[in-house]
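Q: Structure file model_12.csv (CSV, C-alpha atoms) right here:
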```csv
chain,number,residue,atom,x,y,z
T,1,MET,CA,0.0,0.0,0.0
T,2,SER,CA,1.5,3.3,-1.2
T,3,ARG,CA,1.9,6.2,1.1
T,4,VAL,CA,0.6,9.6,0.0
T,5,ALA,CA,2.8,12.5,1.0
T,6,PRO,CA,0.9,15.1,3.0
T,7,ILE,CA,0.2,18.6,1.6
T,8,ARG,CA,2.5,21.1,3.1
T,9,PRO,CA,2.1,24.9,3.2
T,10,CYS,CA,4.2,26.9,0.8
T,11,PRO,CA,7.3,28.2,2.5
T,12,SER,CA,6.8,31.6,0.9
T,13,VAL,CA,3.7,32.2,3.1
T,14,SER,CA,4.9,33.2,6.5
T,15,ARG,CA,1.7,32.5,8.4
T,16,PRO,CA,-0.8,30.4,6.5
T,17,TYR,CA,-4.3,30.1,7.6
T,18,PRO,CA,-4.8,26.8,9.5
T,19,SER,CA,-7.9,25.7,7.6
T,20,VAL,CA,-6.6,26.6,4.1
T,21,LEU,CA,-3.7,24.7,2.6
T,22,ARG,CA,-2.7,25.7,-1.0
T,23,PRO,CA,-0.1,24.2,-3.2
T,24,CYS,CA,3.0,26.2,-3.4
T,25,ALA,CA,2.5,26.9,-7.2
T,26,SER,CA,-0.6,29.0,-6.5
T,27,VAL,CA,1.4,31.6,-4.5
T,28,CYS,CA,4.7,31.1,-6.2
T,29,PRO,CA,6.7,34.3,-6.3
T,30,ARG,CA,7.5,33.8,-9.9
T,31,ALA,CA,3.8,33.7,-10.7
T,32,ILE,CA,3.2,36.9,-8.8
T,33,PHE,CA,6.0,38.5,-10.7
T,34,CYS,CA,4.5,37.4,-14.1
T,35,ARG,CA,1.1,38.9,-13.2
T,36,ALA,CA,2.7,42.2,-12.1
T,37,ARG,CA,4.7,42.3,-15.3
T,38,SER,CA,1.7,41.8,-17.4
T,39,VAL,CA,-0.2,44.5,-15.6
T,40,SER,CA,2.8,46.9,-16.0
T,41,LEU,CA,2.9,46.3,-19.7
T,42,SER,CA,-0.8,46.8,-20.2
T,43,SER,CA,-0.8,50.1,-18.3
T,44,ARG,CA,2.3,51.6,-20.0
T,45,GLY,CA,0.2,53.8,-22.3
T,46,ALA,CA,-1.9,55.1,-19.4
T,47,SER,CA,1.3,56.0,-17.5
T,48,SER,CA,2.6,58.0,-20.5
T,49,ALA,CA,-0.7,60.0,-20.7
T,50,ILE,CA,-0.6,60.8,-17.0
T,51,THR,CA,3.0,62.0,-17.3
T,52,LEU,CA,2.1,64.4,-20.1
T,53,LEU,CA,-0.9,65.7,-18.1
T,54,GLU,CA,1.3,66.3,-15.1
T,55,LEU,CA,3.8,68.2,-17.3
T,56,LEU,CA,1.0,70.5,-18.5
T,57,VAL,CA,-0.2,71.1,-15.0
T,58,VAL,CA,3.4,72.0,-13.9
T,59,LEU,CA,3.8,74.3,-16.8
T,60,GLY,CA,0.5,76.0,-15.9
T,61,ILE,CA,1.6,76.5,-12.3
T,62,VAL,CA,4.9,77.9,-13.4
T,63,GLY,CA,3.2,80.3,-15.7
T,64,LEU,CA,0.8,81.4,-13.0
T,65,LEU,CA,3.7,82.0,-10.5
T,66,ALA,CA,5.6,83.9,-13.2
T,67,THR,CA,2.6,86.2,-13.8
T,68,ILE,CA,2.2,86.8,-10.1
T,69,ALA,CA,5.9,87.5,-9.6
T,70,TYR,CA,5.9,90.0,-12.6
T,71,SER,CA,2.9,91.8,-11.3
T,72,ALA,CA,4.5,92.1,-7.8
T,73,TYR,CA,7.7,93.3,-9.4
T,74,SER,CA,6.0,95.9,-11.6
T,75,GLY,CA,4.0,97.2,-8.6
T,76,HIS,CA,7.3,97.5,-6.6
T,77,ILE,CA,8.9,99.4,-9.4
T,78,LEU,CA,5.9,101.8,-9.7
T,79,ARG,CA,5.9,102.4,-6.0
T,80,ALA,CA,9.7,103.1,-6.0
T,81,LYS,CA,9.3,105.6,-8.9
T,82,VAL,CA,6.4,107.4,-7.2
T,83,ALA,CA,8.5,107.6,-4.0
T,84,ALA,CA,11.5,108.9,-6.0
T,85,ALA,CA,9.2,111.6,-7.5
T,86,PHE,CA,8.0,112.7,-4.1
T,87,THR,CA,11.6,112.9,-2.8
T,88,GLN,CA,12.8,115.0,-5.8
T,89,ILE,CA,9.8,117.3,-5.4
T,90,SER,CA,10.6,117.7,-1.7
T,91,GLN,CA,14.2,118.5,-2.5
T,92,LEU,CA,13.1,121.1,-5.1
T,93,GLU,CA,10.8,122.7,-2.5
T,94,LEU,CA,13.7,123.0,-0.1
T,95,ALA,CA,16.0,124.4,-2.7
T,96,CYS,CA,13.4,127.0,-3.9
T,97,SER,CA,12.7,128.0,-0.3
T,98,GLN,CA,16.5,128.6,0.3
T,99,TYR,CA,16.7,130.5,-3.0
T,100,GLU,CA,13.7,132.7,-1.9
T,101,ALA,CA,15.3,133.3,1.5
T,102,ASP,CA,18.5,134.6,-0.1
T,103,THR,CA,17.2,136.5,-3.1
T,104,GLY,CA,13.7,137.6,-1.9
T,105,GLN,CA,11.8,135.7,-4.6
T,106,PHE,CA,11.2,132.2,-5.9
T,107,PRO,CA,12.8,131.0,-9.1
T,108,PRO,CA,11.1,132.1,-12.3
T,109,SER,CA,8.3,129.9,-13.8
T,110,GLY,CA,8.4,128.0,-17.1
T,111,SER,CA,11.2,127.5,-19.6
T,112,LEU,CA,12.0,127.5,-23.2
T,113,VAL,CA,11.2,124.9,-25.8
T,114,PHE,CA,14.4,124.0,-27.6
T,115,GLY,CA,15.5,127.6,-27.0
T,116,ASP,CA,12.5,129.0,-28.9
T,117,THR,CA,11.1,132.0,-27.1
T,118,GLY,CA,8.0,131.9,-29.2
T,119,GLN,CA,6.9,128.5,-27.7
T,120,PRO,CA,4.6,128.6,-24.6
T,121,ALA,CA,6.3,128.5,-21.2
T,122,GLU,CA,6.3,125.0,-19.8
T,123,GLY,CA,8.5,122.7,-17.8
T,124,CYS,CA,11.0,123.9,-15.2
T,125,GLY,CA,14.0,125.2,-17.2
T,126,TYR,CA,14.1,128.6,-15.6
T,127,MET,CA,13.8,127.2,-12.1
T,128,LEU,CA,16.6,124.7,-12.7
T,129,THR,CA,18.9,127.4,-14.2
T,130,ALA,CA,18.2,129.8,-11.3
T,131,LEU,CA,19.0,127.1,-8.7
T,132,ILE,CA,22.2,125.9,-10.3
T,133,THR,CA,23.8,129.1,-11.9
T,134,GLY,CA,21.7,132.0,-10.5
T,135,LEU,CA,21.0,133.4,-13.9
T,136,SER,CA,17.7,135.2,-14.7
T,137,PRO,CA,15.4,133.8,-17.3
T,138,HIS,CA,17.2,135.8,-20.0
T,139,GLY,CA,20.7,135.1,-19.0
T,140,GLY,CA,21.1,138.2,-16.8
T,141,PRO,CA,23.5,138.6,-13.9
T,142,VAL,CA,23.6,136.5,-10.8
T,143,PRO,CA,21.4,138.1,-8.0
T,144,PRO,CA,23.6,139.9,-5.5
T,145,ARG,CA,22.5,137.7,-2.5
T,146,TRP,CA,22.5,134.4,-4.5
T,147,LYS,CA,24.4,131.7,-2.5
T,148,GLY,CA,23.9,128.7,-4.7
T,149,PRO,CA,24.1,126.3,-6.2
T,150,TYR,CA,21.1,125.1,-4.3
T,151,ILE,CA,20.7,121.7,-5.9
T,152,GLU,CA,22.9,119.2,-7.7
T,153,VAL,CA,21.6,117.3,-10.8
T,154,ARG,CA,23.0,114.4,-12.7
T,155,GLN,CA,23.2,114.7,-16.5
T,156,SER,CA,21.0,111.6,-16.8
T,157,HIS,CA,18.2,113.5,-15.0
T,158,VAL,CA,18.0,116.4,-17.5
T,159,GLY,CA,16.5,116.7,-20.9
T,160,LEU,CA,14.5,119.0,-23.3
T,161,LEU,CA,10.9,119.8,-23.9
T,162,PRO,CA,8.4,118.7,-25.1
T,163,ALA,CA,8.9,115.1,-23.9
T,164,GLY,CA,12.3,114.9,-22.2
T,165,GLU,CA,14.3,114.8,-25.4
T,166,PRO,CA,18.0,113.9,-24.8
T,167,LEU,CA,20.6,116.6,-24.8
T,168,ASP,CA,23.1,117.0,-27.6
T,169,PRO,CA,26.6,117.3,-26.1
T,170,THR,CA,27.8,119.3,-29.1
T,171,THR,CA,25.1,122.0,-28.7
T,172,THR,CA,25.0,125.0,-26.4
T,173,TYR,CA,21.4,125.6,-25.1
T,174,PRO,CA,20.1,129.0,-24.0
T,175,PRO,CA,19.4,129.3,-20.2
T,176,GLY,CA,16.0,127.8,-19.4
T,177,SER,CA,15.9,125.2,-22.2
T,178,ILE,CA,17.2,122.3,-20.1
T,179,GLN,CA,14.6,120.6,-18.0
T,180,LEU,CA,14.7,118.5,-14.8
T,181,LEU,CA,13.2,115.1,-15.6
T,182,ASP,CA,11.0,113.0,-13.3
T,183,PRO,CA,11.6,109.2,-12.8
T,184,TRP,CA,9.5,108.5,-16.0
T,185,GLY,CA,11.8,110.8,-18.1
T,186,MET,CA,9.3,113.6,-18.4
T,187,PRO,CA,10.0,117.3,-17.4
T,188,TYR,CA,8.6,118.5,-14.1
T,189,HIS,CA,6.3,121.5,-14.5
T,190,TYR,CA,7.0,124.4,-12.1
T,191,ILE,CA,5.1,127.6,-11.7
T,192,ARG,CA,5.4,130.2,-8.9
T,193,SER,CA,2.3,131.8,-7.4
T,194,VAL,CA,2.8,135.2,-9.0
T,195,ASP,CA,2.4,133.5,-12.4
T,196,TYR,CA,-0.7,131.4,-11.6
T,197,ALA,CA,-3.1,133.6,-13.4
T,198,GLY,CA,-1.0,134.1,-16.6
T,199,LEU,CA,0.5,130.6,-16.9
T,200,GLY,CA,-2.4,128.5,-15.7
T,201,GLY,CA,-1.8,127.5,-12.1
T,202,THR,CA,-4.1,124.8,-10.7
T,203,PRO,CA,-7.0,126.2,-8.7
T,204,VAL,CA,-8.5,124.6,-5.7
T,205,PRO,CA,-11.8,122.9,-6.6
T,206,GLN,CA,-14.8,125.1,-5.6
T,207,PRO,CA,-16.7,125.6,-3.4
T,208,SER,CA,-13.8,125.6,-0.9
T,209,PRO,CA,-13.3,127.4,2.4
T,210,PHE,CA,-9.6,127.8,1.5
T,211,GLU,CA,-7.7,130.0,-1.0
T,212,PHE,CA,-8.5,129.9,-4.7
T,213,TRP,CA,-5.1,128.4,-5.7
T,214,TYR,CA,-3.2,125.4,-4.5
T,215,ASN,CA,-0.1,126.7,-2.7
T,216,PRO,CA,-1.3,130.4,-3.0
T,217,SER,CA,1.9,131.9,-1.6
T,218,THR,CA,4.6,129.6,-3.0
T,219,PHE,CA,4.7,127.5,-6.1
T,220,GLN,CA,3.3,124.3,-7.8
T,221,ILE,CA,5.4,121.4,-9.0
T,222,VAL,CA,3.8,118.7,-11.1
T,223,SER,CA,5.0,115.3,-12.4
T,224,TRP,CA,2.7,113.7,-14.9
T,225,GLY,CA,3.3,110.3,-13.4
T,226,PRO,CA,3.5,106.9,-15.1
T,227,ASN,CA,0.9,107.6,-17.8
T,228,PHE,CA,3.0,110.5,-19.2
T,229,SER,CA,0.1,112.9,-19.3
T,230,SER,CA,-2.1,115.1,-17.2
T,231,GLN,CA,-5.1,117.3,-17.5
T,232,ALA,CA,-4.7,120.5,-19.5
T,233,ARG,CA,-4.1,123.8,-17.6
T,234,PRO,CA,-5.5,125.0,-15.3
T,235,ASN,CA,-6.2,121.5,-14.0
T,236,MET,CA,-2.7,120.1,-14.4
T,237,GLY,CA,-1.8,117.8,-11.6
T,238,LEU,CA,-5.3,116.6,-10.8
T,239,ASP,CA,-5.0,113.2,-12.5
T,240,ASP,CA,-5.0,110.3,-10.0
T,241,ASP,CA,-1.5,109.2,-11.0
T,242,ASP,CA,0.0,112.7,-10.9
T,243,VAL,CA,2.7,113.5,-8.3
T,244,THR,CA,2.6,117.0,-7.0
T,245,ASN,CA,3.5,119.2,-4.1
T,246,PHE,CA,-0.1,120.1,-3.4
T,247,ARG,CA,-2.0,116.8,-3.7
T,248,TYR,CA,-0.9,113.8,-1.7
```
How does the structure come out when it is put into structure tokens?
A:
Amino acid sequence: MSRVAPIRPCPSVSRPYPSVLRPCASVCPRAIFCRARSVSLSSRGASSAITLLELLVVLGIVGLLATIAYSAYSGHILRAKVAAAFTQISQLELACSQYEADTGQFPPSGSLVFGDTGQPAEGCGYMLTALITGLSPHGGPVPPRWKGPYIEVRQSHVGLLPAGEPLDPTTTYPPGSIQLLDPWGMPYHYIRSVDYAGLGGTPVPQPSPFEFWYNPSTFQIVSWGPNFSSQARPNMGLDDDDVTNFRY
């Protein structure tokens, strides 16, 4: 009588269930590997599609972050230029006040346009000339009590009307032609109070309990700001983006 060998649990199973005994071949590691390999081969196309989708998502996120970073950078640059304009205007206010204390009057209003006396007075050329060299609008003598220069200006911060045209180093310009430029490369507009009526000073919006003019006893300085334009006189400086010494 032959003896039948007992069924033994597969050695690859660490803790087989007591009531279930399976042949070793049913849980053979090689069989498991084969099944895993077949599943891997069948899902290769799906894996490639998911990888492409993930790439598109990553590119979208990078683009969004770049947009946010550029917006933040642009806003920072704009705020820095506005702050620089306010600083320059404050320096001009101080220089003009020192000039007035020494000479008894504020620097002259307006300027020349490319040296053409027939052009309307704009910009700040006469003011800049008076503060640096002490000359009158027509190249006259230095005032007796002038103690300047009251301000120092870099060549990169000056230009010509009407839109901050660059200087030609081979040309000699008449006094009052060269303008002081704001951080956006446009000339500052300066007008002293005695010239408000004739040159279009900016009046205070009415009705108002205050004086008719902004800065009625001193002067007005206007930068057109980042949009390179402002309202026509007598409302120059009243745009939301304008930087002035009378609207903050």
Q: Which is closest to Asp241 (chain T) among T:Ile89, T:Lys81, T:Pro107, T:His157, if we use all atoms listed in the file?
A: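 Selected residue with least distance to Asp241 (chain T): T:Lys81.
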Q: CA of Asn245 (chain T) to CA of Ser193 (chain T): how many Å, to one decimal?
A: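 These two atoms are separated by 13.1 Å.
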Q: Find the residues around Ser109 (chain T) up to 6 Å (all atoms listed in the file counted), leave out those fewer than 3 positions away in its own chain, and share them as a ChimeraX atom specification.
A: /T:190-192
Q: Please, could you write that set of residues out with C-alpha atoms as a compact mmCIF listing (two decimals), keeping the file's coordinate frame?
A:
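selection-v4.txt, freshly written:
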```
# COMPACT_ATOMS: atom_id res chain seq x y z
CA TYR T 190 7.00 124.40 -12.10
CA ILE T 191 5.10 127.60 -11.70
CA ARG T 192 5.40 130.20 -8.90
```
Q: Interatomic distance between CA of Leu167 (chain T) and CA of Met186 (chain T)?
A: 13.3 Å
Q: For Asp239 (chain T), list every protein, DNA or RNA residue within 10 Å, evaluated using only C-alpha atoms, and leave out those in the same chain fewer than 4 positions away; present the list as an NGL selection string.
A: :T and (224-225 or 227 or 229-231 or 235 or 243 or 247)
Q: Let me make sure I understand: among T:Ala72, T:Leu65, T:Val153, T:Phe212, which one has the smallest atom-to-atom distance to Gln88 (chain T) if we use only C-alpha atoms?
A: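 Nearest to Gln88 (chain T): T:Val153.
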Q: Fewer than 5 positions away in the same chain doesn't count, so skip those; otherwise give me all residues within 9 Å of Tyr99 (chain T), counting all atoms listed in the file, as a ChimeraX atom specification.
A: /T:94,104-107,130-131,146-148,150
Q: Pick from T:Leu135, T:Ile178, T:Val62, T:Ile68: nearest to Gln155 (chain T), with all atoms listed in the file counted?
A: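 Result for the nearest residue to Gln155 (chain T): T:Ile178.
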